[in-house]
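File shown: upload.tsv. Contents: TSV, C-alpha atoms.
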```
chain	number	residue	atom	x	y	z
Z	321	MET	CA	2.05	25.69	-6.33
Z	322	ALA	CA	0.53	28.88	-5.05
Z	323	GLU	CA	-0.52	31.64	-7.40
Z	324	PRO	CA	2.14	34.36	-7.55
Z	325	THR	CA	1.15	37.55	-5.76
Z	326	ASN	CA	2.41	41.08	-6.00
Z	327	ARG	CA	3.16	41.26	-2.28
Z	328	GLN	CA	6.87	41.51	-1.47
Z	329	PRO	CA	7.78	38.90	1.16
Z	330	THR	CA	9.21	40.19	4.43
Z	331	ALA	CA	11.19	38.47	7.13
Z	332	LYS	CA	9.00	36.53	9.53
Z	333	THR	CA	9.07	33.99	12.33
Z	334	VAL	CA	7.19	30.90	11.18
Z	335	THR	CA	6.06	28.36	13.76
Z	336	LEU	CA	5.90	24.68	12.84
Z	337	ARG	CA	3.71	22.42	14.95
Z	338	LEU	CA	5.49	19.06	15.17
Z	339	ASN	CA	4.52	16.01	17.19
Z	340	ARG	CA	7.11	14.12	19.14
Z	341	GLN	CA	7.57	11.48	16.46
Z	342	GLN	CA	8.24	14.14	13.86
Z	343	LEU	CA	10.63	15.83	16.26
Z	344	GLU	CA	12.44	12.56	16.82
Z	345	LEU	CA	13.08	12.26	13.08
Z	346	ILE	CA	14.27	15.85	12.90
Z	347	ASP	CA	16.49	15.50	15.96
Z	348	ARG	CA	18.04	12.31	14.59
Z	349	THR	CA	18.81	14.17	11.37
Z	350	VAL	CA	20.41	17.01	13.34
Z	351	ALA	CA	22.36	14.48	15.43
Z	352	ARG	CA	24.02	13.08	12.33
Z	353	GLY	CA	25.40	16.51	11.50
Z	354	VAL	CA	23.13	17.58	8.66
Z	355	ALA	CA	22.48	20.90	10.43
Z	356	PRO	CA	23.46	22.36	13.82
Z	357	ASP	CA	19.91	22.65	15.21
Z	358	ARG	CA	16.23	22.25	14.36
Z	359	ALA	CA	15.73	25.75	12.97
Z	360	SER	CA	18.83	25.49	10.80
Z	361	LEU	CA	17.62	22.16	9.49
Z	362	VAL	CA	14.29	23.68	8.51
Z	363	ARG	CA	16.05	26.53	6.70
Z	364	LEU	CA	18.34	24.05	4.93
Z	365	ALA	CA	15.32	22.02	3.88
Z	366	LEU	CA	13.66	25.10	2.45
Z	367	LYS	CA	16.81	26.18	0.64
Z	368	GLU	CA	17.47	22.78	-0.96
Z	369	TYR	CA	13.83	22.06	-1.71
Z	370	ALA	CA	13.33	25.42	-3.39
Z	371	ALA	CA	16.61	25.12	-5.30
Z	372	SER	CA	15.69	21.68	-6.63
Z	373	ARG	CA	12.49	23.13	-8.06
Z	374	ASN	CA	14.12	26.14	-9.62
Z	375	GLN	CA	16.58	24.14	-11.70
Z	376	PRO	CA	15.96	24.59	-15.44
Z	377	LYS	CA	14.63	21.46	-17.09
Z	378	GLN	CA	17.10	19.75	-19.42
Z	379	ARG	CA	16.17	19.26	-23.02
Z	380	THR	CA	16.02	15.64	-24.09
Q	83	MET	CA	25.29	-26.53	-11.62
Q	84	ALA	CA	22.74	-29.36	-11.83
Q	85	ALA	CA	19.45	-28.97	-10.01
Q	86	ASN	CA	18.70	-31.25	-7.09
Q	87	LYS	CA	16.37	-34.22	-7.50
Q	88	VAL	CA	12.61	-33.60	-7.52
Q	89	ILE	CA	10.99	-34.97	-4.35
Q	90	PHE	CA	7.35	-34.24	-5.23
Q	91	GLU	CA	5.46	-33.89	-8.48
Q	92	HIS	CA	1.79	-33.37	-9.17
Q	93	VAL	CA	-0.32	-32.17	-12.10
Q	94	ILE	CA	-3.32	-30.05	-11.20
Q	95	GLN	CA	-6.20	-30.31	-13.62
Q	96	PRO	CA	-8.59	-27.52	-14.57
Q	97	GLY	CA	-11.01	-26.84	-11.74
Q	98	THR	CA	-8.60	-28.09	-9.08
Q	99	GLY	CA	-5.73	-27.02	-6.88
Q	100	LYS	CA	-3.26	-28.57	-4.44
Q	101	ALA	CA	-1.83	-27.61	-1.07
Q	102	VAL	CA	1.84	-28.59	-0.86
Q	103	GLU	CA	4.28	-28.36	2.04
Q	104	VAL	CA	7.46	-26.60	0.96
Q	105	ARG	CA	10.19	-26.45	3.57
Q	106	ALA	CA	12.68	-23.62	3.92
Q	107	GLY	CA	15.39	-24.17	1.35
Q	108	GLN	CA	13.15	-26.07	-1.05
Q	109	ILE	CA	11.92	-24.82	-4.43
Q	110	LEU	CA	8.38	-25.07	-5.70
Q	111	ARG	CA	8.18	-25.01	-9.47
Q	112	ILE	CA	4.87	-24.10	-11.13
Q	113	GLU	CA	5.04	-25.03	-14.80
Q	114	GLN	CA	2.80	-24.54	-17.79
Q	115	VAL	CA	1.78	-27.87	-19.36
Q	116	GLU	CA	0.11	-26.41	-22.44
Q	117	GLY	CA	0.75	-22.70	-21.89
Q	118	GLY	CA	-1.56	-19.75	-21.48
Q	119	GLN	CA	-2.85	-20.65	-18.02
Q	120	CYS	CA	-3.20	-18.22	-15.12
Q	121	VAL	CA	-2.15	-19.58	-11.72
Q	122	ASP	CA	-3.63	-18.42	-8.44
Q	123	PHE	CA	-1.22	-18.88	-5.57
Q	124	ASN	CA	-1.26	-18.44	-1.81
Q	125	CYS	CA	1.03	-19.50	0.95
Q	126	PHE	CA	0.85	-19.77	4.72
Q	127	ASN	CA	3.50	-20.13	7.37
Q	128	LEU	CA	3.34	-23.92	7.80
Q	129	ASN	CA	3.87	-23.58	11.54
Q	130	ASP	CA	1.39	-20.73	12.10
Q	131	TYR	CA	-1.32	-20.26	9.49
Q	132	LYS	CA	-2.17	-16.80	10.83
Q	133	GLU	CA	0.89	-15.57	8.97
Q	134	PHE	CA	0.29	-15.65	5.24
Q	135	MET	CA	1.35	-14.03	1.99
Q	136	HIS	CA	0.00	-10.50	1.68
Q	137	CYS	CA	-0.51	-9.16	-1.83
Q	138	GLY	CA	-0.87	-5.58	-0.60
Q	139	ARG	CA	2.53	-5.57	1.07
Q	140	THR	CA	4.11	-7.42	-1.87
Q	141	ARG	CA	2.56	-4.94	-4.33
Q	142	THR	CA	3.81	-1.96	-2.36
Q	143	VAL	CA	7.38	-3.27	-2.26
Q	144	HIS	CA	7.68	-4.72	-5.74
Q	145	GLY	CA	5.01	-3.04	-7.86
Q	146	PHE	CA	2.07	-4.43	-9.79
Q	147	HIS	CA	3.93	-7.17	-11.69
Q	148	PRO	CA	6.54	-8.80	-9.40
Q	149	SER	CA	8.85	-11.21	-11.17
Q	150	LYS	CA	12.30	-12.80	-10.87
Q	151	GLY	CA	14.31	-11.39	-7.98
Q	152	THR	CA	11.39	-10.30	-5.81
Q	153	PHE	CA	9.86	-11.65	-2.62
Q	154	LEU	CA	6.46	-12.80	-1.47
Q	155	TRP	CA	5.84	-10.97	1.83
Q	156	SER	CA	3.61	-11.69	4.77
Q	157	GLY	CA	1.50	-8.82	6.06
Q	158	PRO	CA	1.94	-6.70	9.16
Q	159	PRO	CA	2.71	-7.26	11.97
Q	160	ARG	CA	4.97	-10.12	10.80
Q	161	GLU	CA	6.19	-8.58	7.50
Q	162	ARG	CA	8.63	-11.30	6.57
Q	163	ALA	CA	9.87	-12.49	3.22
Q	164	MET	CA	8.22	-15.91	2.89
Q	165	MET	CA	9.33	-16.92	-0.61
Q	166	PHE	CA	11.70	-15.62	-3.26
Q	167	ILE	CA	11.02	-15.72	-7.00
Q	168	LEU	CA	14.20	-17.42	-8.14
Q	169	GLU	CA	13.24	-17.86	-11.79
Q	170	ASP	CA	10.39	-16.69	-13.98
Q	171	THR	CA	10.67	-17.63	-17.63
Q	172	TYR	CA	7.59	-15.72	-18.79
Q	173	GLY	CA	7.94	-12.70	-16.53
Q	174	ARG	CA	4.35	-11.46	-16.38
Q	175	ASN	CA	2.46	-11.77	-13.10
Q	176	ASP	CA	-0.19	-9.80	-11.29
Q	177	VAL	CA	-0.93	-8.62	-7.77
Q	178	LEU	CA	-3.61	-6.08	-8.70
Q	179	PHE	CA	-6.59	-8.38	-9.08
Q	180	PRO	CA	-8.16	-10.46	-6.33
Q	181	ARG	CA	-9.11	-14.10	-6.72
Q	182	CYS	CA	-12.24	-14.73	-8.76
Q	183	SER	CA	-15.25	-15.93	-6.82
Q	184	ALA	CA	-18.65	-17.58	-7.14
Q	185	TYR	CA	-20.27	-14.19	-6.58
Q	186	LEU	CA	-18.45	-12.84	-9.62
Q	187	TYR	CA	-19.66	-15.61	-11.91
Q	188	GLU	CA	-23.24	-15.53	-10.67
Q	189	SER	CA	-23.56	-11.75	-10.70
Q	190	ALA	CA	-21.80	-11.12	-14.00
Q	191	TYR	CA	-22.44	-14.31	-15.98
Q	192	GLY	CA	-25.47	-15.97	-14.36
Q	193	PHE	CA	-23.70	-19.18	-13.25
Q	194	ASP	CA	-25.05	-20.83	-10.10
Q	195	VAL	CA	-21.95	-22.98	-9.87
Q	196	HIS	CA	-18.74	-22.23	-11.70
Q	197	THR	CA	-15.05	-22.94	-11.22
Q	198	ASN	CA	-13.57	-20.03	-9.25
Q	199	CYS	CA	-10.33	-19.45	-7.40
Q	200	GLN	CA	-11.88	-18.74	-4.01
Q	201	ASP	CA	-13.68	-22.09	-3.90
Q	202	ILE	CA	-10.82	-24.05	-5.46
Q	203	GLN	CA	-8.33	-22.57	-2.97
Q	204	ALA	CA	-10.73	-23.34	-0.12
Q	205	GLU	CA	-11.17	-26.94	-1.20
Q	206	ALA	CA	-7.43	-27.47	-1.64
Q	207	GLN	CA	-6.45	-26.00	1.73
Q	208	ARG	CA	-9.29	-27.89	3.47
Q	209	GLU	CA	-6.84	-30.81	3.51
Q	210	TYR	CA	-5.06	-28.87	6.25
Q	211	GLY	CA	-8.16	-27.88	8.22
Q	212	LEU	CA	-8.46	-24.33	6.90
Q	213	THR	CA	-11.86	-22.81	6.21
Q	214	PRO	CA	-13.11	-20.81	3.21
Q	215	ASP	CA	-12.63	-17.67	5.30
Q	216	ASP	CA	-8.91	-18.45	5.48
Q	217	VAL	CA	-8.45	-17.96	1.72
Q	218	HIS	CA	-6.94	-14.57	0.93
Q	219	ASP	CA	-5.87	-12.59	-2.08
Q	220	SER	CA	-3.83	-14.57	-4.59
Q	221	PHE	CA	-0.56	-13.89	-6.29
Q	222	ASN	CA	-1.55	-14.39	-9.92
Q	223	PHE	CA	1.30	-15.98	-11.84
Q	224	PHE	CA	1.30	-15.76	-15.65
Q	225	MET	CA	-1.59	-13.28	-15.45
Q	226	CYS	CA	-1.30	-10.22	-17.68
Q	227	THR	CA	-2.88	-7.03	-16.43
Q	228	GLU	CA	-2.34	-3.38	-17.08
Q	229	VAL	CA	-3.43	-0.08	-15.65
Q	230	SER	CA	-5.97	1.08	-18.17
Q	231	GLY	CA	-6.87	4.52	-16.90
Q	232	PRO	CA	-6.42	6.82	-13.96
Q	233	HIS	CA	-8.49	4.62	-11.66
Q	234	ARG	CA	-8.87	1.17	-13.25
Q	235	ALA	CA	-6.87	-1.89	-14.22
Q	236	GLN	CA	-7.79	-4.53	-16.76
Q	237	ILE	CA	-6.96	-8.12	-17.63
Q	238	THR	CA	-5.37	-8.87	-20.98
Q	239	ARG	CA	-4.62	-12.10	-22.84
Q	240	GLN	CA	-1.34	-13.88	-22.17
Q	241	GLU	CA	1.32	-15.62	-24.23
Q	242	SER	CA	3.01	-18.04	-21.86
Q	243	ARG	CA	4.06	-21.31	-23.53
Q	244	ALA	CA	4.30	-24.95	-22.52
Q	245	GLY	CA	7.35	-25.32	-20.30
Q	246	ASP	CA	7.31	-21.77	-18.95
Q	247	TYR	CA	7.73	-21.86	-15.19
Q	248	VAL	CA	8.28	-19.95	-12.00
Q	249	ASP	CA	10.62	-21.24	-9.29
Q	250	LEU	CA	9.71	-20.15	-5.77
Q	251	LEU	CA	12.37	-20.60	-3.10
Q	252	ALA	CA	10.83	-21.06	0.36
Q	253	LEU	CA	12.57	-18.88	2.95
Q	254	ILE	CA	10.46	-20.32	5.77
Q	255	ASP	CA	8.40	-23.51	5.95
Q	256	VAL	CA	5.21	-22.81	3.99
Q	257	LEU	CA	2.00	-24.44	2.90
Q	258	ALA	CA	1.79	-23.43	-0.75
Q	259	VAL	CA	-1.66	-23.56	-2.32
Q	260	THR	CA	-1.74	-23.44	-6.10
Q	261	ASN	CA	-4.75	-23.70	-8.39
Q	262	VAL	CA	-5.68	-23.53	-12.03
Q	263	CYS	CA	-7.54	-20.22	-12.26
Q	264	GLY	CA	-11.19	-20.95	-12.90
Q	265	ALA	CA	-11.77	-18.05	-15.28
Q	266	ASP	CA	-12.70	-19.67	-18.59
Q	267	VAL	CA	-15.08	-16.92	-19.69
Q	268	MET	CA	-12.50	-14.17	-19.27
Q	269	ARG	CA	-9.27	-13.29	-21.04
Q	270	THR	CA	-7.18	-14.35	-18.03
Q	271	SER	CA	-6.20	-17.69	-19.59
Q	272	ASN	CA	-7.20	-16.91	-23.18
Q	273	PHE	CA	-10.69	-18.39	-22.67
Q	274	SER	CA	-9.62	-21.97	-21.87
Q	275	LEU	CA	-8.43	-23.84	-18.80
Q	276	LYS	CA	-5.31	-25.99	-18.92
Q	277	PRO	CA	-3.39	-28.18	-16.43
Q	278	LEU	CA	-0.30	-27.10	-14.51
Q	279	ARG	CA	2.61	-29.12	-13.19
Q	280	LEU	CA	3.88	-28.65	-9.64
Q	281	SER	CA	7.19	-29.99	-8.41
Q	282	VAL	CA	9.32	-29.55	-5.31
Q	283	ARG	CA	13.06	-30.05	-4.97
Q	284	PRO	CA	15.73	-28.96	-2.51
Q	285	ALA	CA	17.58	-25.83	-3.61
Q	286	THR	CA	21.27	-26.03	-4.35
Q	287	ASP	CA	23.65	-23.90	-2.29
Q	288	ALA	CA	23.93	-21.47	-5.20
Q	289	GLU	CA	20.15	-21.17	-5.45
Q	290	ARG	CA	19.82	-20.50	-1.73
Q	291	ALA	CA	22.52	-17.86	-1.98
Q	292	ALA	CA	20.66	-16.13	-4.81
Q	293	ALA	CA	18.05	-14.73	-2.42
Q	294	PRO	CA	19.42	-11.49	-1.00
Q	295	PRO	CA	19.09	-11.00	2.77
Q	296	THR	CA	16.21	-8.87	4.01
Q	297	PRO	CA	16.43	-6.72	7.14
Q	298	ILE	CA	15.52	-8.25	10.49
Q	299	LEU	CA	13.85	-5.44	12.44
Q	300	ARG	CA	12.41	-5.05	15.94
Q	301	SER	CA	9.04	-4.16	14.43
Q	302	GLN	CA	8.65	-7.61	12.84
Q	303	ARG	CA	6.52	-9.04	15.61
Q	304	THR	CA	5.77	-12.60	16.60
Q	305	PRO	CA	2.80	-13.98	18.56
Q	306	GLU	CA	4.97	-13.95	21.69
Q	307	SER	CA	4.61	-10.17	21.77
Q	308	PHE	CA	0.85	-10.11	21.09
Q	309	ARG	CA	-1.36	-8.99	23.96
Q	310	VAL	CA	-3.87	-11.57	22.74
Q	311	ARG	CA	-1.86	-14.71	22.09
Q	312	ASN	CA	-4.60	-17.30	21.73
Q	313	ILE	CA	-6.40	-17.62	18.42
Q	314	LYS	CA	-10.09	-16.85	18.79
Q	315	ALA	CA	-12.05	-20.08	18.43
Q	316	ASP	CA	-15.64	-18.83	18.25
Q	317	ARG	CA	-17.21	-16.62	15.61
Q	318	GLU	CA	-19.15	-14.06	17.63
Q	319	LEU	CA	-17.44	-10.82	18.60
Q	320	ARG	CA	-17.97	-9.53	22.16
Q	321	ALA	CA	-16.26	-6.64	23.94
Q	322	ASP	CA	-13.88	-7.56	26.76
Q	323	PRO	CA	-15.10	-5.68	29.87
Q	324	MET	CA	-11.53	-5.75	31.22
Q	325	TYR	CA	-10.07	-4.12	28.11
Q	326	GLN	CA	-7.79	-1.16	28.74
Q	327	PRO	CA	-6.34	0.48	25.62
Q	328	GLU	CA	-2.54	0.46	25.41
Q	329	PHE	CA	-1.75	2.36	22.22
Q	330	ARG	CA	1.88	3.25	21.67
Q	331	ASN	CA	3.37	6.77	21.75
Q	332	VAL	CA	0.19	8.39	23.07
Q	333	PRO	CA	-0.72	11.03	23.95
Q	334	LEU	CA	1.05	12.31	20.88
Q	335	THR	CA	2.15	15.66	22.21
Q	336	VAL	CA	2.82	18.55	19.86
Q	337	GLU	CA	5.57	21.14	20.21
Q	338	ASP	CA	6.05	24.48	18.50
Q	339	VAL	CA	9.31	25.05	16.66
Q	340	ALA	CA	9.86	28.71	15.76
Q	341	VAL	CA	12.02	29.40	12.72
Q	342	GLU	CA	13.06	32.89	11.69
Q	343	LEU	CA	12.95	33.23	7.93
Q	344	SER	CA	14.51	36.10	6.01
Q	345	ALA	CA	12.63	37.91	3.27
Q	346	ASN	CA	14.43	35.79	0.69
Q	347	GLU	CA	13.50	32.61	2.53
Q	348	MET	CA	9.89	33.73	2.73
Q	349	ALA	CA	10.02	34.32	-1.00
Q	350	ALA	CA	11.37	30.79	-1.48
Q	351	LEU	CA	8.57	29.42	0.67
Q	352	ALA	CA	6.01	31.37	-1.34
Q	353	ALA	CA	7.40	29.86	-4.52
Q	354	VAL	CA	7.10	26.23	-3.41
Q	355	ARG	CA	4.25	26.19	-0.91
Q	356	GLN	CA	1.28	23.93	-1.58
Q	357	PRO	CA	-2.01	25.80	-1.99
Q	358	ILE	CA	-3.85	23.36	0.29
Q	359	TYR	CA	-2.34	25.17	3.29
Q	360	GLY	CA	-3.81	28.58	2.49
Q	361	ASP	CA	-2.29	31.23	4.73
Q	362	ASP	CA	-0.89	28.73	7.23
Q	363	ASP	CA	2.86	29.34	6.83
Q	364	GLY	CA	3.74	26.79	9.52
Q	365	ALA	CA	1.87	23.98	7.77
Q	366	ALA	CA	3.37	24.96	4.41
Q	367	LEU	CA	6.89	24.97	5.86
Q	368	ARG	CA	6.30	21.64	7.63
Q	369	ASP	CA	5.30	20.14	4.27
Q	370	VAL	CA	8.50	21.47	2.71
Q	371	LEU	CA	10.55	20.04	5.59
Q	372	PHE	CA	9.22	16.49	5.30
Q	373	SER	CA	9.02	16.53	1.50
Q	374	TRP	CA	12.70	17.52	1.48
Q	375	TRP	CA	13.48	14.81	4.00
Q	376	GLU	CA	11.84	12.17	1.81
Q	377	GLU	CA	13.78	13.31	-1.25
Q	378	ARG	CA	17.09	13.40	0.55
Q	379	PHE	CA	16.96	10.42	2.91
Q	380	LEU	CA	14.15	8.02	2.03
Q	381	ALA	CA	15.63	4.92	0.41
Q	382	GLY	CA	12.39	3.23	-0.63
Q	383	SER	CA	9.47	4.44	-2.66
Q	384	SER	CA	6.80	6.37	-0.83
Q	385	GLY	CA	4.90	4.16	1.60
Q	386	ALA	CA	7.03	1.08	0.94
Q	387	PRO	CA	9.37	-0.60	3.42
Q	388	VAL	CA	13.05	-0.59	2.53
Q	389	ILE	CA	14.29	-4.12	1.93
Q	390	SER	CA	17.85	-3.53	0.77
Q	391	ASN	CA	20.76	-2.38	2.88
Q	392	LYS	CA	21.25	0.77	0.78
Q	393	ALA	CA	19.22	2.92	3.15
Q	394	ASP	CA	20.75	6.21	4.13
Q	395	SER	CA	17.94	7.15	6.46
Q	396	ALA	CA	18.65	9.59	9.22
```

As structure tokens, the full file:
Amino acid sequence: MAEPTNRQPTAKTVTLRLNRQQLELIDRTVARGVAPDRASLVRLALKEYAASRNQPKQRT
Amino acid sequence: MAANKVIFEHVIQPGTGKAVEVRAGQILRIEQVEGGQCVDFNCFNLNDYKEFMHCGRTRTVHGFHPSKGTFLWSGPPRERAMMFILEDTYGRNDVLFPRCSAYLYESAYGFDVHTNCQDIQAEAQREYGLTPDDVHDSFNFFMCTEVSGPHRAQITRQESRAGDYVDLLALIDVLAVTNVCGADVMRTSNFSLKPLRLSVRPATDAERAAAPPTPILRSQRTPESFRVRNIKADRELRADPMYQPEFRNVPLTVEDVAVELSANEMAALAAVRQPIYGDDDGAALRDVLFSWWEERFLAGSSGAPVISNKADSA
């Protein structure tokens, strides 16, 4: 993971470069109703991925 | 239910091996006579020797020590389940180590001539016109190995007993080549070589039903779809002046996908981004996208084909 910085994040347009095979996978995922469009799918991925890493570890 | 009658039986002595035809629906049993003996095993499609068991594919699907309930796979582009391990009374096998060879024994031990699995396999399969170059990595039954560090594996002693066996159900017609591992100066077979018993019998209906179905996919190719269908018969390699490359899905065009992220989303990205991407937000977000996709939809382990029907892939 990246080193934490003191900079406060601001809203931004981020551009992903995807080849047509990667797009096919993403479009198939959108087509099955996971998200309404490509950009929404990317935001969902970020939300769920980040949430899964922020969960407190259970004691065993 | 009683097993069907044995139709072939043979004992292979130390230093030897045997190529045996096993038809689809028949079971090859490899049995310890005294115990403690490593078995090197290969198989070919009996009707097309260019398709053969591939340890790399088998290892990727089933791990380093495949046992009862797993398959022996052929390599790409065929990628078919050739045999199914129906029973395995000892339960320790190896697909990490390659076959031992004459080079090993000369370089490490100073033997000019020594029993070794490469040469024994070659001599056994010569009965069917195959050359020493047609031997390939073995499935090592009853061989105990372990990962011993971050980058190495090692061989350990084994405790199989007389009467321990593996039953291999043929899913296609195969030529099965089995040999007594020639490693008598290593731990592989506890520093002694012992005979093994081979037998073949037809599977019962219940035994045939025990092998779960594997997917039949368009990508499992056959020679009918090869651009070069004839097997090369000479050894020298020469470029074909008429060759025109026909790679698939090329040129692999790239498209930009713009995604507006809020400040909170940028903060989330900052928290999970991989440092290898530096300041490249697009690459970092692409990594998150496909890492998430793997976690949510990939039914197999990373890099391994999915062989069950539990896939929920998008």

Could you tell me how far atom CA of Leu178 of chain Q lies from atom CA of Val121 of chain Q, in Å and to one decimal?
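For atom CA of Leu178 of chain Q relative to atom CA of Val121 of chain Q, the distance reads 13.9 Å.
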
Hey, what's within 9 Å of segment 343-350 of chain Q if we count only C-alpha atoms and toss same-chain stuff fewer than 4 positions away? As a VMD selection string, please?
(chain Z and resid 328 to 334 363 366 to 367 370 to 371) or (chain Q and resid 354 to 355)

Let me see the file: selected residues, C-alpha atoms, as a CSV table (one decimal), in the coordinates of the input.
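Contents of again16.csv, as written:
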```
chain,number,residue,atom,x,y,z
Z,328,GLN,CA,6.9,41.5,-1.5
Z,329,PRO,CA,7.8,38.9,1.2
Z,330,THR,CA,9.2,40.2,4.4
Z,331,ALA,CA,11.2,38.5,7.1
Z,332,LYS,CA,9.0,36.5,9.5
Z,333,THR,CA,9.1,34.0,12.3
Z,334,VAL,CA,7.2,30.9,11.2
Z,363,ARG,CA,16.0,26.5,6.7
Z,366,LEU,CA,13.7,25.1,2.4
Z,367,LYS,CA,16.8,26.2,0.6
Z,370,ALA,CA,13.3,25.4,-3.4
Z,371,ALA,CA,16.6,25.1,-5.3
Q,354,VAL,CA,7.1,26.2,-3.4
Q,355,ARG,CA,4.2,26.2,-0.9
```

Using all atoms listed in the file, which chain Q residues lie at most 10 Å away from chain Z, written as JSON, numbers by chain?
{"Q": [331, 332, 333, 334, 335, 336, 337, 338, 339, 340, 341, 342, 343, 344, 345, 346, 347, 348, 349, 350, 351, 352, 353, 354, 355, 356, 357, 358, 359, 360, 362, 363, 364, 365, 366, 367, 368, 369, 370, 371, 372, 373, 374, 375, 377, 378, 379, 395, 396]}

Can I get the selected residues back with C-alpha atoms, as a PDB file, in the coordinates of the input?
```pdb
ATOM      1  CA  ASN Q 331       3.370   6.770  21.750  1.00  0.00           C
ATOM      2  CA  VAL Q 332       0.190   8.390  23.070  1.00  0.00           C
ATOM      3  CA  PRO Q 333      -0.720  11.030  23.950  1.00  0.00           C
ATOM      4  CA  LEU Q 334       1.050  12.310  20.880  1.00  0.00           C
ATOM      5  CA  THR Q 335       2.150  15.660  22.210  1.00  0.00           C
ATOM      6  CA  VAL Q 336       2.820  18.550  19.860  1.00  0.00           C
ATOM      7  CA  GLU Q 337       5.570  21.140  20.210  1.00  0.00           C
ATOM      8  CA  ASP Q 338       6.050  24.480  18.500  1.00  0.00           C
ATOM      9  CA  VAL Q 339       9.310  25.050  16.660  1.00  0.00           C
ATOM     10  CA  ALA Q 340       9.860  28.710  15.760  1.00  0.00           C
ATOM     11  CA  VAL Q 341      12.020  29.400  12.720  1.00  0.00           C
ATOM     12  CA  GLU Q 342      13.060  32.890  11.690  1.00  0.00           C
ATOM     13  CA  LEU Q 343      12.950  33.230   7.930  1.00  0.00           C
ATOM     14  CA  SER Q 344      14.510  36.100   6.010  1.00  0.00           C
ATOM     15  CA  ALA Q 345      12.630  37.910   3.270  1.00  0.00           C
ATOM     16  CA  ASN Q 346      14.430  35.790   0.690  1.00  0.00           C
ATOM     17  CA  GLU Q 347      13.500  32.610   2.530  1.00  0.00           C
ATOM     18  CA  MET Q 348       9.890  33.730   2.730  1.00  0.00           C
ATOM     19  CA  ALA Q 349      10.020  34.320  -1.000  1.00  0.00           C
ATOM     20  CA  ALA Q 350      11.370  30.790  -1.480  1.00  0.00           C
ATOM     21  CA  LEU Q 351       8.570  29.420   0.670  1.00  0.00           C
ATOM     22  CA  ALA Q 352       6.010  31.370  -1.340  1.00  0.00           C
ATOM     23  CA  ALA Q 353       7.400  29.860  -4.520  1.00  0.00           C
ATOM     24  CA  VAL Q 354       7.100  26.230  -3.410  1.00  0.00           C
ATOM     25  CA  ARG Q 355       4.250  26.190  -0.910  1.00  0.00           C
ATOM     26  CA  GLN Q 356       1.280  23.930  -1.580  1.00  0.00           C
ATOM     27  CA  PRO Q 357      -2.010  25.800  -1.990  1.00  0.00           C
ATOM     28  CA  ILE Q 358      -3.850  23.360   0.290  1.00  0.00           C
ATOM     29  CA  TYR Q 359      -2.340  25.170   3.290  1.00  0.00           C
ATOM     30  CA  GLY Q 360      -3.810  28.580   2.490  1.00  0.00           C
ATOM     31  CA  ASP Q 362      -0.890  28.730   7.230  1.00  0.00           C
ATOM     32  CA  ASP Q 363       2.860  29.340   6.830  1.00  0.00           C
ATOM     33  CA  GLY Q 364       3.740  26.790   9.520  1.00  0.00           C
ATOM     34  CA  ALA Q 365       1.870  23.980   7.770  1.00  0.00           C
ATOM     35  CA  ALA Q 366       3.370  24.960   4.410  1.00  0.00           C
ATOM     36  CA  LEU Q 367       6.890  24.970   5.860  1.00  0.00           C
ATOM     37  CA  ARG Q 368       6.300  21.640   7.630  1.00  0.00           C
ATOM     38  CA  ASP Q 369       5.300  20.140   4.270  1.00  0.00           C
ATOM     39  CA  VAL Q 370       8.500  21.470   2.710  1.00  0.00           C
ATOM     40  CA  LEU Q 371      10.550  20.040   5.590  1.00  0.00           C
ATOM     41  CA  PHE Q 372       9.220  16.490   5.300  1.00  0.00           C
ATOM     42  CA  SER Q 373       9.020  16.530   1.500  1.00  0.00           C
ATOM     43  CA  TRP Q 374      12.700  17.520   1.480  1.00  0.00           C
ATOM     44  CA  TRP Q 375      13.480  14.810   4.000  1.00  0.00           C
ATOM     45  CA  GLU Q 377      13.780  13.310  -1.250  1.00  0.00           C
ATOM     46  CA  ARG Q 378      17.090  13.400   0.550  1.00  0.00           C
ATOM     47  CA  PHE Q 379      16.960  10.420   2.910  1.00  0.00           C
ATOM     48  CA  SER Q 395      17.940   7.150   6.460  1.00  0.00           C
ATOM     49  CA  ALA Q 396      18.650   9.590   9.220  1.00  0.00           C
TER      50      ALA Q 396
END
```

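Residues of protein, DNA and RNA with at least one atom no farther than 12 Å from (-9.6, -1.1, -4.5) are, using all atoms listed in the file, Gly138, Val177, Leu178, Phe179, Pro180, His233, Arg234 and Ala235 of chain Q.
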
Residues within 12 Å of His144 of chain Q, only C-alpha atoms, excluding chain neighbours under 3 positions, as a ChimeraX atom specification
/Q:137-141,147-155,166-167,175-178,382-383,385-389

Atomic distance atom CA of Asp216 of chain Q - atom CA of Val102 of chain Q, expressed in Å with one decimal
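It comes out at 16.1 Å.
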
Using all atoms listed in the file for the distances, tell me which of Q:Phe329, Q:Tyr191, Q:Phe90, Q:Phe146 is nearest to Arg283 of chain Q.
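Ranking Q:Phe329, Q:Tyr191, Q:Phe90, Q:Phe146 by distance to Arg283 of chain Q, first place goes to Q:Phe90.
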
Report the distance between atom CA of His218 of chain Q and atom CA of Ala204 of chain Q in Å, rounded to one decimal place.
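Atom CA of Ala204 of chain Q lies at a distance of 9.6 Å from atom CA of His218 of chain Q.
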
For Leu278 of chain Q, please output as a ChimeraX atom specification all residues within 8 Å (counting only C-alpha atoms; exclusion window: fewer than 3 positions along the same chain).
/Q:93-95,112-116,119,262

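For the residues Q:Ile313, Q:Leu250, Q:Glu376, Q:Arg105, ranking by smallest atom-to-atom distance to Leu128 of chain Q using all atoms listed in the file places Q:Arg105 first.
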
When you count all atoms listed in the file, which of these residues is closest to Asn261 of chain Q: Q:Ala85, Q:Val310, Q:Leu275, Q:Leu380?
Q:Leu275
